[in-house]
Every structure is written in structure tokens, then in C-alpha cells.
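Peer 1: Got a structure for you, questions after.
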Amino acid sequence: MRMPRDIIAYLQAAPLMAVLLTFLIAPILMIVVVSFWGATEFSIYPAFQFDNYAFLFGSPVTYKVFFATFKYAFITWGFTLAIGFTVAYFLAFHVRTQMMQTVLFLLCTIPFLTSNIIRMISWIPFLGRNGIANQTLISWGIIDEPLEWLLYSDFSVILAFVHLYTLFMVVPIFNTMVRIDKSFVEAAYDNGASGFQTLWHVIVPLTKPGIMIGSIFVITLVMGDFITVRFMSGSQKANVGRLISNDISLLQYPSAAATAVVLLITVLLVIGILLRFVNIRKEL
Amino acid sequence: MSKMRYNRRSLLKTGVAAAASTLAAPMVWAQEIKDIKLRQFGTGVSNLNDVATKVKEDLGFTLEMTALDSDSVTQRAATQPDSFDIADIEYWICKKVWPTGNLQAMDASKITNFDKIAGTFRSGKLTPESVIAQGTAPHTVGFVDGPNGTEFATEDSGWMTLIPTIYNADTLGIRPDLINRPINTWAELLNPEFKGKASILDISSIGIMDMAMVCESMGEISYGDKGNMTKEEIDKTFAIFTEAKKNGQFRAFWKSFDESVNLMASGEVVIQSMWSPAITAVKSRGVPCVYQPLKEGYRSWGGGLGLSASLSGMELEAAYEYINWYLSGWVGGYLMRQGYYSAVPETSKNFMSENEWGYWYEGKAATDVITSPTGDQLAVAGDVRDGGSFTDRMGAVACWNSVMDENQYMVRKWNEFIAA
């Protein structure tokens, strides 16, 4: 007796489905459920109330913090894209041998073999009031007073983000670039396109899927981060991740869950918008 | 030692021939003791590996230590009762955690040095003339009405929630070399002179008390009880600090001990809320740092060991054994050489040199070099401890770390302050 085809298909998909259900869908559902619960100082109790959301949307701080989160994500995205694209372009089109490409690419990843907390914290003594950066600038006579805004500011937060996440832009862009058929570039050249025209009209459109994947990485990482913001701003700035972590540390799980749900929806919306521009599945 | 023998005796009673078992029983006992493992967690201040090593040496069983920050400690004590045997927590945390039923009351009669525990923890009065400070004073949450009591008792009931272990009087830390003038009031934290060079700790329940000390000394707010503020008082306090933050008064906020040390040692900050061993750590790097006594008094805190509700049998006996050992002096001496006080100061004396006892406890000038437990030099002959003697410092406590009735409101306001 043979099983009908669609049952076989379901069975084949079942293991993946089970994994996704257990480790992705169920936890998210749990978070959504808890976001409607109530909390006392040291415990949470099941309920169906909108208090957490009411407080979240009723507080001007929420809007400020969401704005700050977008600001960090947007600026970081801009810098990582510019740097990531340039690096990938150099690797893909200026480095001729594949051997050299691989070597240089691995070189890019070396800093990422260390913990990202270490990479982040090592900026602190460098940027501090009496840090290497300020001392060097003073000894060169460029400034008389140490620059205060180097550390514990939006500047240091974004600097750390760019440093931490540029590789996530380099990898997918490089990956799509090396797969561009070189004859397209030759054709453009033969047809009299300038270097910039080739870049803008040929390479960029063909690299879009890579750019989009890199953007999704960077934006979701920055929007979900809390530890970089905490350390690099000396706890003085906040993004949504910090709101959540503060709530968790104070045992306010339902309120943290509500914030997490709103953040999740926001990030999904952003990704949804990004995907409108490029159909990743078609282009891959 | 003493309490363990009961177990051995009960073993003896099991009917084994007396002659044979006098030899066999201690071996069984020794074996069982060796297998006992107590899991303790708490803040970094007293979760020291040296203590665990010494416990193994003196008592024979294993003490496993986990150090966490105050928030995580509260969280774990409240939500993961099976993950620990002994909770090393502060009294204000106890007020929060006790109602969860995760801790069990201790029989004071099993504590050898109970009578020698400082008065602060029993009656609330260090000396008979002492005035009880505001906030969650340890004696108010130190006792419950019985072995399974859930209500805090107003006086010594013989059933303790926590066995006090260490405590201290906190104040502001300053860099005298970068300030160059005397500092004598909490209000200096918001002095515009230190714009961009001040810091406060980002642990709401403690930070709010420092804020209150500052606002009160500025004359901006007069509190009914700093340890239990009304919503209006909370609002006013945060309004003052939010404005200061927006004006760039603060360089950073710190959450962990080492952050406070780095901020101070690197000169990022010249005045900030600080803890005693952090001062010690800054000094041991050769950077001048003073734990400045201020005229309004200290913000104080006390910690103690609590027993998990699930402890029983041999483990429970071992825990009592451990607590008695804890109060017997070695740990006290160790902690006092870091700048804390032991709950039973007298016993620590035996484990400290006369010079150390004079410097740390009596507030006398050091007669010789003072070193930290790890061997760093902290003071030379002639130096006097900031703030003076035990009674001078603990006698000038203005408020205790606390949890307020409006805690949830305060926490939300704190979150807004950080995000502002």
C-alpha cells in the first residue's frame, strides 16, 4: 500500500516544523501571552490585561527610546553599508587571484574571533578623557582640552556598532559580488560606460540581494542590542533593548514581554519594508 | 563542629555495637560531610573564593559560590528557589524576597555568637543612645514570628530571616587630587563645578537613596522618610536629577563594582557614589581616592545569609555549621581588612593584627603598613581611616538601603530617568 503523496510531503516537512514550533513559535507565543499578565514586585500572575501596553504607549519615554533605537539603527546601517560595500568591492573586483581574495577575506574576520564584548570594551580606555585618542590629539596640538564626547556619547555607541557589525555587511555583499558575471562589466565598458556608471547601473543593482541581507543583519542586530548601548554610553542612553533588560532585572517580566512584542513587530515591519525593494528568494 | 555531633550521635543510636561504631561512625560522618555541597550565591562583596577554600579546610564540605549583581540576586532568590542553598543577600532584598516563601527562618538558639551580634541587627540601636535611621533598617526585617513565619516580627523573636554577616556605611568617593578642596556635603554631587565628572550608580533601590541624600542636603526636598517616599517626593527627586543629567552633570552611570573603579581610577569621574572596596581597589592602583565622610551622614547597608526553604537534614546542619563558622572571626577579619564590618566584630579581632584592628575598627592612626587581604598596600604608618572608628561611622547612619511601598512607581521613574 502506498501512502498518498501529500502525506509523505507533510511527513518530510514534519521534523523542521517540529523544531520551528518548539524553538521559535512556542517561545514567541509565550512572550505574547506573558505580555498580558500582571506583575507584583517579585512574582508574575496570569491575567488578561492591557496595563503593560497602556503604560508602554502612554509613556513619552517609550517614543523617545524607540526613536533612539531607529536613530542608532539607521546611522549604523549607513556607515556599515558604505564601509561594507567598499571593502567587498575591493575584494571582489580589485583583488585578482582567488587565493588572495580568500586570504584578505579571512583577514577581515580575524577581529571577530574575539568576544564582541571585549572588542567593545577595548574602546573605553582608548576613547576616555585621558585615553590614547585624546592624549595623541593633544600631543599633536590639534586640541587643547580633551574631547568629552568621544566616550559615553552617541558617538561612541555608533562607533562600537559600526565596528561590531560591518562584517555582517561585508560577507553577503562580497558573496553576491563574486557571483556577478565579469562579462557584464566588460560589456558595460565596451559600450562606453564610465567607471561610476558601471558601478551604479550594473554592479549595484546586481548586488542588491547581498545589500539587503546585510541590511537585515545589521538592522536587526542593532535594534535588538542592549549591552553595547549600556557600556558605550556609560548607561546614560537607552534603546528598546535596555528598557527590556531593565524590566527583566527588576522582575517586571510582563512589561518586558510587552516591550519585546512591540519591538518584534517593529523589526518585522522594517524587514517587511526592506523586502518590498528586493525579492531575495528570486535573486539568490 | 558542635552541631554536627548530633548527627553522629543519632548514627550511634541506630543499634550498631558501640565499640565497633566508635571507630566506624566518624568515618561515615567524615565521608558524608565531604560529599555535602552547599550552593551559595550573592553579590560580589562577600562571595569570595578565599572563603570557599577556607570552608573546605576548616569544615570539610564544599561551598560553591556564585557572584551576581544586586538585581540578579533578587531575581534569583525570588524566582529560582531550588538553585541555591544559601542566599547571601541584603536586608532590603530580604524584605522583597521573604514573602515568596523561598527562605526559611533560622533558630537563633543554634547560633553560638548570637549574643555578640552588633545591636544594629537586633534592636536597631548600635549603642543605647543611637537613633534608628530611616529606610529598611535591618532589625525591622531581621526576625519573623516563628519557624514558618511570614510576617516580620517587630522585635527579637528568636527566629531570624538572615544572619547578619557584613555591613558598611556608604558615602561619596572623591579624587582629592583632582578636586583640590574640601568636600563635606552630599549636595556637591550636583555642584556644576563637577559637570561631566560626576556619577551615580544605576541600581534603582540604592541610587534613589543617594539621590535623596543629595536633594535633602541641597535643601530642595524635605522627606518624611527617605526610605519610604511618597509619589510626589519621588517625582521631585527625579525632576532634580533629570535636569542635572540633561545639563551634562554625569559622565556615566555605573552598575557593577569594577565599572565604578575604572571610572574613578581613569579620572573620568572625580565624585560619585561608591562602595568601600572600590575605594580600596582604586587606592591599590596608586591613585588617591577618599571615601569622604559627609555632614549629613551615611547611607548604610547590611547583608546576611539566608537559608533556602528546601534545605533539610545534613545539609541544613552543615549550613548552621557554616554560619557559626562565618561569625567565628576568620571571615570577619578578612572582610574588615577590605573596609567592611563584621556582624560580630569582637571575634574578628583574633584574626587581625593590633595595627589592623586599630586602623579599621578603632579609627586609630596606623602604626605600620596596612595591606588588603590580597596583599596590596593601602595605607602607611600615620594614616587614619576615612570617617574614623566603627562607632563614628555606623553611629552616623542617616538611612538604610530600602524597598519602598511605591517601589514599582519608583522603578518606572528610574527607567525614565535613565532613558531621559
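Each chain in the C-alpha cells gets a letter, A, B and so on, in the order shown; residues start at 1 in every chain, and ligands are counted from 1 in the order they appear.
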Under the rule of at most 10 Å, produce a per-residue listing of chain A near chain B: chain, number, name, the closest pair of atoms, and the distance in Å, as a tab-separated table, using only C-alpha atoms.
Peer 2:
```
residue	atom	partner	partner_atom	distance
A:Ala39	CA	B:Gln408	CA	9.8
A:Thr40	CA	B:Gln408	CA	8.3
A:Glu41	CA	B:Gln408	CA	7.0
A:Phe42	CA	B:Ala78	CA	6.0
A:Ser43	CA	B:Thr79	CA	7.5
A:Ile44	CA	B:Thr79	CA	9.9
A:Phe55	CA	B:Arg412	CA	9.8
A:Ser59	CA	B:Glu416	CA	8.8
A:Pro60	CA	B:Glu416	CA	9.0
A:Val61	CA	B:Glu416	CA	6.0
A:Thr62	CA	B:Glu416	CA	8.7
A:Lys64	CA	B:Ala419	CA	8.0
A:Val65	CA	B:Ala419	CA	6.8
A:Ala68	CA	B:Ala419	CA	9.6
A:Ile124	CA	B:Asn262	CA	9.9
A:Pro125	CA	B:Ser266	CA	8.2
A:Gly128	CA	B:Glu268	CA	7.0
A:Arg129	CA	B:Glu268	CA	6.0
A:Asn130	CA	B:Ser266	CA	7.0
A:Gly131	CA	B:Ser266	CA	8.5
A:Glu148	CA	B:Gly196	CA	8.1
A:Trp149	CA	B:Arg251	CA	9.9
A:Leu151	CA	B:Arg251	CA	9.0
A:Tyr152	CA	B:Ala252	CA	6.6
A:Ser153	CA	B:Arg251	CA	9.3
A:Arg230	CA	B:Phe253	CA	9.3
A:Phe231	CA	B:Trp254	CA	9.2
A:Met232	CA	B:Ala252	CA	9.4
A:Ser233	CA	B:Ala252	CA	7.1
A:Gly234	CA	B:Ala252	CA	4.3
A:Ser235	CA	B:Phe253	CA	5.3
A:Gln236	CA	B:Ala252	CA	5.9
A:Lys237	CA	B:Ala419	CA	5.8
A:Ala238	CA	B:Ala419	CA	4.9
A:Asn239	CA	B:Ala419	CA	7.8
A:Val240	CA	B:Ala419	CA	9.6
A:Arg242	CA	B:Ala419	CA	8.8
A:Leu243	CA	B:Asn415	CA	7.1
A:Asn246	CA	B:Asn415	CA	7.2
A:Asp247	CA	B:Asn415	CA	8.4
A:Ile248	CA	B:Gln75	CA	8.7
A:Ser249	CA	B:Asp71	CA	5.5
A:Leu250	CA	B:Asp71	CA	6.4
A:Leu251	CA	B:Gln75	CA	6.2
A:Gln252	CA	B:Gln408	CA	9.1
```
Peer 1: Would you mind exporting C-alpha atoms of the selected residues as a PDB file, in the first residue's frame?
Peer 2:
```pdb
ATOM      1  CA  ALA A  39       3.296  41.514  37.958  1.00  0.00           C
ATOM      2  CA  THR A  40       3.884  42.214  41.589  1.00  0.00           C
ATOM      3  CA  GLU A  41       7.296  43.045  42.914  1.00  0.00           C
ATOM      4  CA  PHE A  42       8.588  39.531  42.970  1.00  0.00           C
ATOM      5  CA  SER A  43       6.144  37.416  41.018  1.00  0.00           C
ATOM      6  CA  ILE A  44       4.000  37.414  37.929  1.00  0.00           C
ATOM      7  CA  PHE A  55       1.808  52.051  30.224  1.00  0.00           C
ATOM      8  CA  SER A  59       4.800  56.985  28.396  1.00  0.00           C
ATOM      9  CA  PRO A  60       6.641  59.631  26.368  1.00  0.00           C
ATOM     10  CA  VAL A  61       9.863  57.802  27.232  1.00  0.00           C
ATOM     11  CA  THR A  62       8.795  54.883  25.029  1.00  0.00           C
ATOM     12  CA  LYS A  64      11.910  58.702  22.697  1.00  0.00           C
ATOM     13  CA  VAL A  65      13.549  55.354  23.181  1.00  0.00           C
ATOM     14  CA  ALA A  68      16.764  56.495  19.607  1.00  0.00           C
ATOM     15  CA  ILE A 124      36.696  52.576  26.511  1.00  0.00           C
ATOM     16  CA  PRO A 125      40.317  53.168  27.545  1.00  0.00           C
ATOM     17  CA  GLY A 128      38.409  58.099  27.546  1.00  0.00           C
ATOM     18  CA  ARG A 129      39.132  61.570  28.817  1.00  0.00           C
ATOM     19  CA  ASN A 130      42.745  60.592  29.440  1.00  0.00           C
ATOM     20  CA  GLY A 131      42.690  57.901  26.793  1.00  0.00           C
ATOM     21  CA  GLU A 148      34.484  64.775  26.176  1.00  0.00           C
ATOM     22  CA  TRP A 149      32.149  63.481  23.510  1.00  0.00           C
ATOM     23  CA  LEU A 151      33.250  58.397  25.132  1.00  0.00           C
ATOM     24  CA  TYR A 152      29.880  57.837  26.815  1.00  0.00           C
ATOM     25  CA  SER A 153      28.020  59.515  23.985  1.00  0.00           C
ATOM     26  CA  ARG A 230      24.817  50.304  28.063  1.00  0.00           C
ATOM     27  CA  PHE A 231      28.604  50.079  28.049  1.00  0.00           C
ATOM     28  CA  MET A 232      29.441  52.634  25.405  1.00  0.00           C
ATOM     29  CA  SER A 233      27.049  55.279  26.735  1.00  0.00           C
ATOM     30  CA  GLY A 234      28.005  54.638  30.358  1.00  0.00           C
ATOM     31  CA  SER A 235      24.355  53.709  30.970  1.00  0.00           C
ATOM     32  CA  GLN A 236      23.331  57.242  30.005  1.00  0.00           C
ATOM     33  CA  LYS A 237      21.471  56.451  26.787  1.00  0.00           C
ATOM     34  CA  ALA A 238      18.725  53.976  26.234  1.00  0.00           C
ATOM     35  CA  ASN A 239      17.353  51.955  23.382  1.00  0.00           C
ATOM     36  CA  VAL A 240      14.475  49.496  23.452  1.00  0.00           C
ATOM     37  CA  ARG A 242      17.783  48.451  27.544  1.00  0.00           C
ATOM     38  CA  LEU A 243      14.169  49.104  28.510  1.00  0.00           C
ATOM     39  CA  ASN A 246      15.908  46.978  32.929  1.00  0.00           C
ATOM     40  CA  ASP A 247      12.450  45.500  33.267  1.00  0.00           C
ATOM     41  CA  ILE A 248      13.824  41.980  33.428  1.00  0.00           C
ATOM     42  CA  SER A 249      16.370  42.858  36.064  1.00  0.00           C
ATOM     43  CA  LEU A 250      13.584  44.365  38.147  1.00  0.00           C
ATOM     44  CA  LEU A 251      11.453  41.234  37.729  1.00  0.00           C
ATOM     45  CA  GLN A 252       8.873  43.056  35.610  1.00  0.00           C
TER      46      GLN A 252
END
```
Peer 1: Can you list, as a PyMOL selection string, every protein, DNA or RNA residue that comes within 12 Å of Gln101 of chain A when you count only C-alpha atoms, leaving out same-chain residues fewer than 2 positions away?
Peer 2: chain A and resi 87-99+103-108+174-175+178
Peer 1: Would you save the residues from that selection as a compact mmCIF listing (two decimals), in the first residue's frame, using N, CA and C atoms?
Peer 2:
```
# COMPACT_ATOMS: atom_id res chain seq x y z
N VAL A 87 34.64 47.66 1.00
CA VAL A 87 35.54 46.52 1.25
C VAL A 87 35.22 45.37 0.31
N ALA A 88 33.92 45.05 0.19
CA ALA A 88 33.53 43.93 -0.65
C ALA A 88 33.90 44.21 -2.11
N TYR A 89 33.69 45.46 -2.54
CA TYR A 89 34.01 45.84 -3.92
C TYR A 89 35.49 45.64 -4.19
N PHE A 90 36.30 46.10 -3.24
CA PHE A 90 37.75 45.94 -3.39
C PHE A 90 38.11 44.46 -3.48
N LEU A 91 37.56 43.67 -2.57
CA LEU A 91 37.88 42.24 -2.56
C LEU A 91 37.45 41.55 -3.85
N ALA A 92 36.26 41.92 -4.33
CA ALA A 92 35.69 41.19 -5.46
C ALA A 92 36.27 41.63 -6.80
N PHE A 93 36.58 42.92 -6.95
CA PHE A 93 36.96 43.40 -8.29
C PHE A 93 38.41 43.84 -8.41
N HIS A 94 39.04 44.19 -7.27
CA HIS A 94 40.41 44.66 -7.38
C HIS A 94 41.44 43.60 -7.03
N VAL A 95 41.03 42.67 -6.19
CA VAL A 95 41.96 41.59 -5.86
C VAL A 95 41.76 40.51 -6.93
N ARG A 96 42.86 40.18 -7.63
CA ARG A 96 42.68 39.38 -8.83
C ARG A 96 42.60 37.88 -8.55
N THR A 97 43.54 37.40 -7.74
CA THR A 97 43.53 35.94 -7.56
C THR A 97 42.55 35.52 -6.49
N GLN A 98 41.99 34.35 -6.69
CA GLN A 98 41.01 33.84 -5.72
C GLN A 98 41.68 33.55 -4.40
N MET A 99 42.93 33.11 -4.49
CA MET A 99 43.72 32.81 -3.31
C MET A 99 43.83 34.05 -2.42
N VAL A 103 42.42 34.98 1.35
CA VAL A 103 43.31 35.40 2.43
C VAL A 103 42.84 36.72 3.02
N LEU A 104 42.55 37.69 2.13
CA LEU A 104 42.13 39.01 2.63
C LEU A 104 40.78 38.92 3.34
N PHE A 105 39.91 38.07 2.82
CA PHE A 105 38.60 37.92 3.43
C PHE A 105 38.74 37.35 4.85
N LEU A 106 39.61 36.34 4.97
CA LEU A 106 39.83 35.77 6.31
C LEU A 106 40.43 36.81 7.25
N LEU A 107 41.28 37.66 6.69
CA LEU A 107 41.90 38.73 7.46
C LEU A 107 40.82 39.62 8.09
N CYS A 108 39.77 39.91 7.27
CA CYS A 108 38.66 40.74 7.77
C CYS A 108 37.99 40.10 8.97
N PHE A 174 29.94 40.75 -0.49
CA PHE A 174 31.05 40.09 -1.17
C PHE A 174 30.57 38.82 -1.87
N ASN A 175 29.74 38.09 -1.16
CA ASN A 175 29.20 36.85 -1.68
C ASN A 175 28.42 37.04 -2.99
N VAL A 178 31.01 38.39 -5.98
CA VAL A 178 31.89 37.45 -6.69
C VAL A 178 31.09 36.62 -7.70
```
Peer 1: Do a neighbour search on Cys399 of chain B at 7 Å with only C-alpha atoms, toss out local chain neighbours closer than 3 positions, and write the hits as a VMD selection string.
Peer 2: chain B and resid 133 to 135 227 298 to 300
Peer 1: Please write the residues from the selection above to a file, keeping N, CA and C atoms, as a PDB file, in the first residue's frame.
Peer 2:
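Ended up saving to again12.pdb:
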```
ATOM      1  N   ALA B 133      17.939  54.870  62.048  1.00  0.00           N
ATOM      2  CA  ALA B 133      17.933  55.608  60.792  1.00  0.00           C
ATOM      3  C   ALA B 133      16.711  55.256  59.951  1.00  0.00           C
ATOM      4  N   GLN B 134      16.461  56.102  58.923  1.00  0.00           N
ATOM      5  CA  GLN B 134      15.341  55.849  58.005  1.00  0.00           C
ATOM      6  C   GLN B 134      15.659  54.678  57.075  1.00  0.00           C
ATOM      7  N   GLY B 135      14.621  54.219  56.370  1.00  0.00           N
ATOM      8  CA  GLY B 135      14.843  53.144  55.404  1.00  0.00           C
ATOM      9  C   GLY B 135      14.605  51.768  56.007  1.00  0.00           C
ATOM     10  N   GLY B 227      13.438  56.439  53.161  1.00  0.00           N
ATOM     11  CA  GLY B 227      13.353  55.028  52.821  1.00  0.00           C
ATOM     12  C   GLY B 227      11.965  54.615  52.354  1.00  0.00           C
ATOM     13  N   TYR B 298      25.764  58.864  56.673  1.00  0.00           N
ATOM     14  CA  TYR B 298      26.000  57.805  55.696  1.00  0.00           C
ATOM     15  C   TYR B 298      24.699  57.162  55.218  1.00  0.00           C
ATOM     16  N   ARG B 299      24.796  56.541  54.038  1.00  0.00           N
ATOM     17  CA  ARG B 299      23.742  55.640  53.590  1.00  0.00           C
ATOM     18  C   ARG B 299      24.283  54.244  53.840  1.00  0.00           C
ATOM     19  N   SER B 300      23.571  53.496  54.626  1.00  0.00           N
ATOM     20  CA  SER B 300      24.141  52.240  55.071  1.00  0.00           C
ATOM     21  C   SER B 300      23.427  51.038  54.476  1.00  0.00           C
TER      22      SER B 300
END
```
Peer 1: Kindly give the distance, in Å, that separates atom CA of Ala82 of chain A and atom CA of Phe184 of chain A, rounded to a single decimal.
Peer 2: 23.0 Å
Peer 1: Tell me, as a list in words, which residues lie within 12 Å of Asn113 of chain B, counting only C-alpha atoms; anything in the same chain fewer than 6 positions away does not count.
Peer 2: Ile163, Pro164, Thr165, Tyr320, Ile323, Asn324, Trp325, Tyr326, Leu327, Ser328, Gly329, Ala343, Val344, Pro345, Glu346, Thr347 and Ser348 of chain B
Peer 1: Can you list, as a list in words, all residues belonging to segment 32-151 of chain A that DSSP tags as strand (DSSP E)?
Peer 2: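 Assigned to strand (DSSP E), within segment 32-151 of chain A: Gly38, Ala39, Ile44 and Tyr45 of chain A.
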Peer 1: Might you pull out every residue within 6 Å of segment 302-304 of chain B, with only C-alpha atoms counted and same-chain residues fewer than 4 positions away left off, and present them as a list in words?
Peer 2: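 Near segment 302-304 of chain B, the qualifying residues are Asp88, Ile89, Glu90, Tyr91, Leu162, Ile163, Pro164, Thr165, Ile166 and Tyr167 of chain B.
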